[in-house]
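Asker: File structure-v9.txt below, compact mmCIF, N, CA and C atoms:
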# COMPACT_ATOMS: atom_id res chain seq x y z
N MET M 1 5.44 5.56 9.24
CA MET M 1 5.68 6.45 8.13
C MET M 1 5.15 7.82 8.53
N ASN M 2 6.02 8.81 8.48
CA ASN M 2 5.59 10.15 8.87
C ASN M 2 4.88 10.85 7.72
N THR M 3 4.37 12.02 8.01
CA THR M 3 3.56 12.76 7.03
C THR M 3 4.35 13.12 5.79
N SER M 4 5.59 13.56 5.94
CA SER M 4 6.38 13.95 4.76
C SER M 4 6.69 12.74 3.89
N GLU M 5 6.96 11.58 4.49
CA GLU M 5 7.19 10.37 3.71
C GLU M 5 5.93 9.96 2.96
N ARG M 6 4.78 10.07 3.63
CA ARG M 6 3.51 9.72 3.00
C ARG M 6 3.23 10.66 1.83
N GLN M 7 3.50 11.95 2.00
CA GLN M 7 3.27 12.91 0.92
C GLN M 7 4.21 12.64 -0.24
N ALA M 8 5.45 12.26 0.05
CA ALA M 8 6.40 11.93 -1.02
C ALA M 8 5.92 10.71 -1.78
N LEU M 9 5.40 9.71 -1.06
CA LEU M 9 4.86 8.52 -1.70
C LEU M 9 3.67 8.86 -2.57
N LEU M 10 2.80 9.71 -2.07
CA LEU M 10 1.61 10.09 -2.83
C LEU M 10 1.99 10.84 -4.10
N SER M 11 3.02 11.67 -4.03
CA SER M 11 3.41 12.44 -5.21
C SER M 11 3.97 11.54 -6.30
N ARG M 12 4.44 10.35 -5.95
CA ARG M 12 4.98 9.42 -6.94
C ARG M 12 3.91 8.46 -7.44
N CYS M 13 2.74 8.43 -6.84
CA CYS M 13 1.70 7.48 -7.21
C CYS M 13 0.43 8.24 -7.59
N PRO M 14 0.30 8.65 -8.85
CA PRO M 14 -0.86 9.44 -9.25
C PRO M 14 -2.19 8.69 -9.08
N ARG M 15 -2.21 7.37 -9.32
CA ARG M 15 -3.46 6.63 -9.13
C ARG M 15 -3.87 6.61 -7.68
N ARG M 16 -2.91 6.47 -6.80
CA ARG M 16 -3.19 6.46 -5.36
C ARG M 16 -3.73 7.82 -4.94
N LYS M 17 -3.11 8.87 -5.47
CA LYS M 17 -3.54 10.22 -5.13
C LYS M 17 -4.99 10.43 -5.58
N LEU M 18 -5.33 9.95 -6.78
CA LEU M 18 -6.68 10.07 -7.28
C LEU M 18 -7.66 9.28 -6.41
N ALA M 19 -7.27 8.07 -6.04
CA ALA M 19 -8.14 7.24 -5.20
C ALA M 19 -8.40 7.91 -3.85
N LEU M 20 -7.34 8.48 -3.27
CA LEU M 20 -7.50 9.13 -1.98
C LEU M 20 -8.33 10.40 -2.10
N THR M 21 -8.21 11.10 -3.22
CA THR M 21 -9.01 12.31 -3.44
C THR M 21 -10.48 11.94 -3.55
N VAL M 22 -10.77 10.88 -4.31
CA VAL M 22 -12.15 10.42 -4.45
C VAL M 22 -12.70 9.97 -3.10
N ALA M 23 -11.89 9.24 -2.36
CA ALA M 23 -12.33 8.76 -1.05
C ALA M 23 -12.59 9.94 -0.11
N SER M 24 -11.71 10.93 -0.14
CA SER M 24 -11.89 12.09 0.73
C SER M 24 -13.16 12.86 0.37
N THR M 25 -13.42 12.98 -0.92
CA THR M 25 -14.64 13.67 -1.36
C THR M 25 -15.88 12.92 -0.87
N ALA M 26 -15.84 11.60 -1.00
CA ALA M 26 -16.97 10.79 -0.54
C ALA M 26 -17.16 10.95 0.96
N VAL M 27 -16.07 11.00 1.68
CA VAL M 27 -16.13 11.17 3.13
C VAL M 27 -16.78 12.49 3.49
N LEU M 28 -16.36 13.55 2.81
CA LEU M 28 -16.94 14.86 3.10
C LEU M 28 -18.44 14.87 2.83
N MET M 29 -18.85 14.21 1.77
CA MET M 29 -20.28 14.16 1.46
C MET M 29 -21.04 13.37 2.52
N LEU M 30 -20.45 12.26 2.95
CA LEU M 30 -21.10 11.41 3.95
C LEU M 30 -21.08 12.04 5.34
N SER M 31 -20.04 12.78 5.65
CA SER M 31 -19.93 13.33 6.99
C SER M 31 -20.99 14.40 7.27
N GLY M 32 -21.51 15.00 6.23
CA GLY M 32 -22.58 15.98 6.41
C GLY M 32 -23.85 15.33 6.94
N CYS M 33 -24.01 14.03 6.64
CA CYS M 33 -25.21 13.31 7.07
C CYS M 33 -25.04 12.67 8.44
N ALA M 34 -23.84 12.57 8.92
CA ALA M 34 -23.59 11.86 10.17
C ALA M 34 -23.82 12.77 11.37
N SER M 35 -24.43 12.20 12.38
CA SER M 35 -24.65 12.97 13.60
C SER M 35 -23.71 12.51 14.71
N ALA M 36 -23.09 11.35 14.56
CA ALA M 36 -22.16 10.82 15.55
C ALA M 36 -20.73 11.02 15.05
N PRO M 37 -19.76 11.00 15.96
CA PRO M 37 -18.36 11.17 15.55
C PRO M 37 -17.82 9.90 14.90
N VAL M 38 -18.31 9.61 13.72
CA VAL M 38 -17.93 8.40 12.99
C VAL M 38 -16.66 8.69 12.17
N PRO M 39 -15.66 7.81 12.25
CA PRO M 39 -14.40 8.04 11.53
C PRO M 39 -14.50 7.67 10.05
N THR M 40 -15.44 8.28 9.35
CA THR M 40 -15.66 7.91 7.95
C THR M 40 -14.47 8.24 7.07
N GLU M 41 -13.79 9.34 7.34
CA GLU M 41 -12.65 9.70 6.51
C GLU M 41 -11.53 8.67 6.65
N LYS M 42 -11.22 8.28 7.87
CA LYS M 42 -10.17 7.29 8.09
C LYS M 42 -10.55 5.95 7.47
N MET M 43 -11.82 5.60 7.56
CA MET M 43 -12.27 4.35 6.95
C MET M 43 -12.13 4.42 5.43
N ALA M 44 -12.51 5.53 4.84
CA ALA M 44 -12.42 5.68 3.38
C ALA M 44 -10.97 5.63 2.91
N VAL M 45 -10.09 6.27 3.64
CA VAL M 45 -8.67 6.26 3.29
C VAL M 45 -8.12 4.84 3.40
N ALA M 46 -8.48 4.14 4.47
CA ALA M 46 -8.02 2.76 4.66
C ALA M 46 -8.55 1.86 3.55
N GLU M 47 -9.83 2.03 3.22
CA GLU M 47 -10.42 1.23 2.13
C GLU M 47 -9.66 1.46 0.84
N ALA M 48 -9.38 2.73 0.51
CA ALA M 48 -8.67 3.06 -0.72
C ALA M 48 -7.25 2.50 -0.70
N SER M 49 -6.57 2.61 0.43
CA SER M 49 -5.20 2.10 0.53
C SER M 49 -5.13 0.60 0.36
N VAL M 50 -6.03 -0.10 1.02
CA VAL M 50 -6.03 -1.57 0.92
C VAL M 50 -6.41 -1.99 -0.50
N LYS M 51 -7.39 -1.31 -1.08
CA LYS M 51 -7.79 -1.65 -2.46
C LYS M 51 -6.63 -1.42 -3.41
N HIS M 52 -5.93 -0.30 -3.25
CA HIS M 52 -4.79 0.01 -4.12
C HIS M 52 -3.66 -0.99 -3.94
N ALA M 53 -3.47 -1.45 -2.71
CA ALA M 53 -2.37 -2.39 -2.43
C ALA M 53 -2.70 -3.81 -2.87
N THR M 54 -3.97 -4.11 -3.06
CA THR M 54 -4.37 -5.47 -3.39
C THR M 54 -4.14 -5.73 -4.88
N THR M 55 -2.92 -6.15 -5.18
CA THR M 55 -2.53 -6.49 -6.54
C THR M 55 -1.85 -7.85 -6.51
N SER M 56 -1.70 -8.45 -7.67
CA SER M 56 -1.01 -9.74 -7.70
C SER M 56 0.45 -9.58 -7.30
N ALA M 57 1.06 -8.46 -7.68
CA ALA M 57 2.47 -8.23 -7.31
C ALA M 57 2.63 -8.15 -5.80
N THR M 58 1.72 -7.44 -5.14
CA THR M 58 1.80 -7.33 -3.68
C THR M 58 1.47 -8.67 -3.04
N SER M 59 0.49 -9.37 -3.58
CA SER M 59 0.14 -10.69 -3.05
C SER M 59 1.31 -11.66 -3.15
N ASP M 60 2.07 -11.55 -4.24
CA ASP M 60 3.21 -12.44 -4.44
C ASP M 60 4.42 -12.05 -3.59
N ASN M 61 4.67 -10.74 -3.47
CA ASN M 61 5.90 -10.28 -2.84
C ASN M 61 5.77 -9.83 -1.38
N ALA M 62 4.56 -9.56 -0.93
CA ALA M 62 4.36 -9.12 0.46
C ALA M 62 3.03 -9.65 0.99
N PRO M 63 2.82 -10.95 0.91
CA PRO M 63 1.51 -11.50 1.30
C PRO M 63 1.17 -11.29 2.77
N ALA M 64 2.15 -11.40 3.65
CA ALA M 64 1.87 -11.25 5.09
C ALA M 64 1.46 -9.82 5.41
N GLU M 65 2.18 -8.86 4.84
CA GLU M 65 1.86 -7.45 5.10
C GLU M 65 0.49 -7.09 4.54
N LEU M 66 0.20 -7.59 3.34
CA LEU M 66 -1.10 -7.31 2.73
C LEU M 66 -2.22 -7.94 3.55
N GLN M 67 -2.03 -9.16 4.00
CA GLN M 67 -3.07 -9.83 4.79
C GLN M 67 -3.30 -9.09 6.11
N LEU M 68 -2.25 -8.57 6.69
CA LEU M 68 -2.39 -7.79 7.93
C LEU M 68 -3.26 -6.56 7.69
N ALA M 69 -3.02 -5.87 6.58
CA ALA M 69 -3.83 -4.69 6.24
C ALA M 69 -5.29 -5.08 6.03
N ILE M 70 -5.52 -6.17 5.32
CA ILE M 70 -6.89 -6.63 5.05
C ILE M 70 -7.58 -7.00 6.36
N ASP M 71 -6.88 -7.71 7.23
CA ASP M 71 -7.46 -8.12 8.51
C ASP M 71 -7.80 -6.91 9.39
N LYS M 72 -6.90 -5.92 9.42
CA LYS M 72 -7.17 -4.74 10.24
C LYS M 72 -8.34 -3.93 9.68
N LEU M 73 -8.46 -3.89 8.37
CA LEU M 73 -9.60 -3.19 7.77
C LEU M 73 -10.91 -3.91 8.12
N ALA M 74 -10.89 -5.23 8.09
CA ALA M 74 -12.08 -6.00 8.47
C ALA M 74 -12.43 -5.75 9.94
N ALA M 75 -11.42 -5.70 10.79
CA ALA M 75 -11.65 -5.43 12.21
C ALA M 75 -12.19 -4.01 12.40
N ALA M 76 -11.70 -3.07 11.60
CA ALA M 76 -12.21 -1.69 11.68
C ALA M 76 -13.68 -1.64 11.27
N ARG M 77 -14.04 -2.41 10.26
CA ARG M 77 -15.46 -2.47 9.84
C ARG M 77 -16.32 -3.04 10.96
N GLN M 78 -15.81 -4.07 11.62
CA GLN M 78 -16.55 -4.66 12.74
C GLN M 78 -16.71 -3.65 13.87
N ALA M 79 -15.67 -2.91 14.15
CA ALA M 79 -15.74 -1.89 15.21
C ALA M 79 -16.75 -0.81 14.83
N MET M 80 -16.81 -0.45 13.56
CA MET M 80 -17.81 0.53 13.10
C MET M 80 -19.22 -0.01 13.34
N THR M 81 -19.43 -1.26 12.98
CA THR M 81 -20.74 -1.88 13.18
C THR M 81 -21.12 -1.89 14.65
N ALA M 82 -20.13 -2.12 15.50
CA ALA M 82 -20.36 -2.13 16.95
C ALA M 82 -20.39 -0.72 17.54
N LYS M 83 -20.25 0.30 16.69
CA LYS M 83 -20.25 1.70 17.10
C LYS M 83 -19.11 2.04 18.06
N ASN M 84 -18.03 1.27 17.94
CA ASN M 84 -16.81 1.56 18.70
C ASN M 84 -15.92 2.38 17.77
N TYR M 85 -16.26 3.66 17.66
CA TYR M 85 -15.64 4.51 16.66
C TYR M 85 -14.17 4.82 16.93
N GLU M 86 -13.80 4.90 18.18
CA GLU M 86 -12.40 5.16 18.50
C GLU M 86 -11.53 4.00 18.03
N ARG M 87 -11.97 2.78 18.33
CA ARG M 87 -11.23 1.58 17.91
C ARG M 87 -11.23 1.47 16.39
N ALA M 88 -12.35 1.78 15.77
CA ALA M 88 -12.44 1.73 14.31
C ALA M 88 -11.44 2.69 13.67
N ALA M 89 -11.34 3.88 14.23
CA ALA M 89 -10.40 4.87 13.71
C ALA M 89 -8.96 4.38 13.83
N GLN M 90 -8.63 3.79 14.98
CA GLN M 90 -7.27 3.27 15.19
C GLN M 90 -6.95 2.16 14.19
N LEU M 91 -7.88 1.23 14.05
CA LEU M 91 -7.66 0.11 13.14
C LEU M 91 -7.60 0.56 11.68
N ALA M 92 -8.43 1.53 11.33
CA ALA M 92 -8.42 2.05 9.96
C ALA M 92 -7.06 2.70 9.66
N GLN M 93 -6.56 3.46 10.60
CA GLN M 93 -5.26 4.10 10.40
C GLN M 93 -4.16 3.05 10.28
N GLN M 94 -4.22 2.02 11.10
CA GLN M 94 -3.23 0.95 11.03
C GLN M 94 -3.33 0.19 9.70
N ALA M 95 -4.56 -0.04 9.24
CA ALA M 95 -4.75 -0.72 7.95
C ALA M 95 -4.15 0.10 6.82
N ASP M 96 -4.34 1.41 6.87
CA ASP M 96 -3.77 2.30 5.86
C ASP M 96 -2.25 2.17 5.84
N VAL M 97 -1.63 2.25 6.99
CA VAL M 97 -0.17 2.15 7.08
C VAL M 97 0.31 0.77 6.64
N ASP M 98 -0.38 -0.27 7.08
CA ASP M 98 0.01 -1.64 6.70
C ASP M 98 -0.10 -1.84 5.19
N ALA M 99 -1.11 -1.26 4.57
CA ALA M 99 -1.25 -1.37 3.11
C ALA M 99 -0.09 -0.68 2.41
N GLN M 100 0.29 0.47 2.92
CA GLN M 100 1.44 1.18 2.33
C GLN M 100 2.73 0.39 2.52
N VAL M 101 2.89 -0.21 3.69
CA VAL M 101 4.07 -1.04 3.95
C VAL M 101 4.08 -2.23 2.98
N ALA M 102 2.94 -2.84 2.76
CA ALA M 102 2.86 -3.98 1.83
C ALA M 102 3.28 -3.55 0.42
N GLU M 103 2.79 -2.41 -0.03
CA GLU M 103 3.17 -1.93 -1.35
C GLU M 103 4.67 -1.66 -1.45
N LEU M 104 5.21 -1.00 -0.44
CA LEU M 104 6.64 -0.68 -0.45
C LEU M 104 7.50 -1.95 -0.37
N HIS M 105 7.06 -2.90 0.42
CA HIS M 105 7.79 -4.16 0.54
C HIS M 105 7.78 -4.89 -0.81
N ALA M 106 6.63 -4.91 -1.47
CA ALA M 106 6.53 -5.57 -2.77
C ALA M 106 7.40 -4.86 -3.80
N GLN M 107 7.38 -3.55 -3.77
CA GLN M 107 8.21 -2.78 -4.71
C GLN M 107 9.69 -3.07 -4.47
N SER M 108 10.08 -3.15 -3.22
CA SER M 108 11.46 -3.45 -2.87
C SER M 108 11.86 -4.84 -3.36
N ALA M 109 10.97 -5.81 -3.18
CA ALA M 109 11.25 -7.18 -3.63
C ALA M 109 11.39 -7.22 -5.15
N ARG M 110 10.54 -6.49 -5.86
CA ARG M 110 10.64 -6.45 -7.33
C ARG M 110 11.95 -5.79 -7.75
N SER M 111 12.35 -4.75 -7.05
CA SER M 111 13.61 -4.06 -7.37
C SER M 111 14.81 -4.97 -7.13
N ARG M 112 14.78 -5.70 -6.02
CA ARG M 112 15.86 -6.65 -5.73
C ARG M 112 15.96 -7.71 -6.82
N LYS M 113 14.81 -8.23 -7.24
CA LYS M 113 14.80 -9.25 -8.29
C LYS M 113 15.34 -8.69 -9.60
N ALA M 114 14.95 -7.48 -9.96
CA ALA M 114 15.44 -6.86 -11.18
C ALA M 114 16.95 -6.64 -11.11
N ALA M 115 17.45 -6.24 -9.95
CA ALA M 115 18.89 -6.03 -9.78
C ALA M 115 19.64 -7.35 -9.92
N GLN M 116 19.10 -8.41 -9.34
CA GLN M 116 19.74 -9.72 -9.45
C GLN M 116 19.77 -10.19 -10.90
N GLU M 117 18.66 -9.97 -11.61
CA GLU M 117 18.61 -10.36 -13.02
C GLU M 117 19.61 -9.56 -13.85
N SER M 118 19.76 -8.28 -13.54
CA SER M 118 20.74 -7.45 -14.25
C SER M 118 22.16 -7.92 -13.97
N GLN M 119 22.44 -8.25 -12.73
CA GLN M 119 23.77 -8.74 -12.38
C GLN M 119 24.07 -10.06 -13.08
N GLU M 120 23.08 -10.93 -13.15
CA GLU M 120 23.26 -12.22 -13.83
C GLU M 120 23.50 -12.00 -15.32
N ALA M 121 22.76 -11.09 -15.93
CA ALA M 121 22.96 -10.79 -17.35
C ALA M 121 24.34 -10.22 -17.60
N ALA M 122 24.80 -9.36 -16.71
CA ALA M 122 26.15 -8.79 -16.85
C ALA M 122 27.21 -9.88 -16.70
N ARG M 123 27.00 -10.80 -15.79
CA ARG M 123 27.95 -11.91 -15.60
C ARG M 123 28.02 -12.76 -16.86
N VAL M 124 26.87 -13.09 -17.42
CA VAL M 124 26.84 -13.91 -18.64
C VAL M 124 27.52 -13.17 -19.78
N LEU M 125 27.28 -11.88 -19.89
CA LEU M 125 27.91 -11.08 -20.95
C LEU M 125 29.42 -11.04 -20.77
N ARG M 126 29.89 -10.87 -19.54
CA ARG M 126 31.34 -10.88 -19.29
C ARG M 126 31.96 -12.22 -19.70
N GLU M 127 31.28 -13.32 -19.37
CA GLU M 127 31.77 -14.64 -19.74
C GLU M 127 31.83 -14.79 -21.26
N GLU M 128 30.80 -14.31 -21.92
CA GLU M 128 30.74 -14.40 -23.37
C GLU M 128 31.87 -13.58 -24.02
N ILE M 129 32.11 -12.39 -23.50
CA ILE M 129 33.18 -11.53 -24.02
C ILE M 129 34.53 -12.17 -23.78
N SER M 130 34.75 -12.75 -22.61
CA SER M 130 36.04 -13.35 -22.31
C SER M 130 36.30 -14.59 -23.17
N ARG M 131 35.26 -15.29 -23.58
CA ARG M 131 35.43 -16.45 -24.47
C ARG M 131 35.80 -16.02 -25.88
N GLU M 132 35.27 -14.88 -26.32
CA GLU M 132 35.48 -14.41 -27.68
C GLU M 132 36.78 -13.60 -27.81
N THR M 133 37.34 -13.12 -26.73
CA THR M 133 38.54 -12.29 -26.80
C THR M 133 39.77 -13.19 -26.92
N PRO M 134 40.54 -13.03 -28.02
CA PRO M 134 41.77 -13.83 -28.14
C PRO M 134 42.82 -13.33 -27.16
N ARG M 135 43.57 -14.23 -26.63
CA ARG M 135 44.59 -13.85 -25.65
C ARG M 135 45.96 -14.08 -26.17
Show the structure stored in the file as structure tokens.
Answerer:
Amino acid sequence: MNTSERQALLSRCPRRKLALTVASTAVLMLSGCASAPVPTEKMAVAEASVKHATTSATSDNAPAELQLAIDKLAAARQAMTAKNYERAAQLAQQADVDAQVAELHAQSARSRKAAQESQEAARVLREEISRETPR
């Protein structure tokens, strides 16, 4: 997902935008105390993305994608603990993207289901109308 797609997604998700703003603020506050090149901002963004994506709808409609994001975030935390900051940054970024993919996949699945339900309702209505129309 490129930057413009991510910005378009953020503009449609006010709660996500708020969560990322809060996370970024926390990162800025924490980065003042850090003396090592710790990827705190990427970790905070990944944490916020995974938390936002962790819903029952996403769990039901995109469980594999969500689990991948959760696993990569856990691996990023382990890399942070091991002070492997470069690896932690990579994994955090991947977790962020995977969380977004999980949300989009779940949204797509819900849209497909709604479309199928609408088509079925239209079919039933057409049948009902054809039964009531004298020929």
Asker: When you look at range 83-100 of chain M with a cut-off of 6.5 Å (counting only N, CA and C atoms), what residues show up, excluding the ones that are within fewer than 6 positions of it in the same chain? I need them as a PyMOL selection string.
Answerer: chain M and resi 37-39+42-43+45-46+49-50+53+65-66+68-70+72-73+75-77
Asker: So how many Å separate atom C of Ala62 in chain M and CA of Gln107 in chain M, to one decimal?
Answerer: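 So the two atoms, atom C of Ala62 in chain M and CA of Gln107 in chain M, lie 10.3 Å apart.
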Asker: Do you have the atom N of Ala44 in chain M-atom C of Ser59 in chain M distance handy?
Answerer: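 For atom N of Ala44 in chain M relative to atom C of Ser59 in chain M, the distance reads 23.5 Å.
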Asker: Between atom N of Thr58 in chain M and CA of Ala106 in chain M, what distance in Å does the model show, to one decimal?
Answerer: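 Separation between atom N of Thr58 in chain M and CA of Ala106 in chain M: 5.7 Å.
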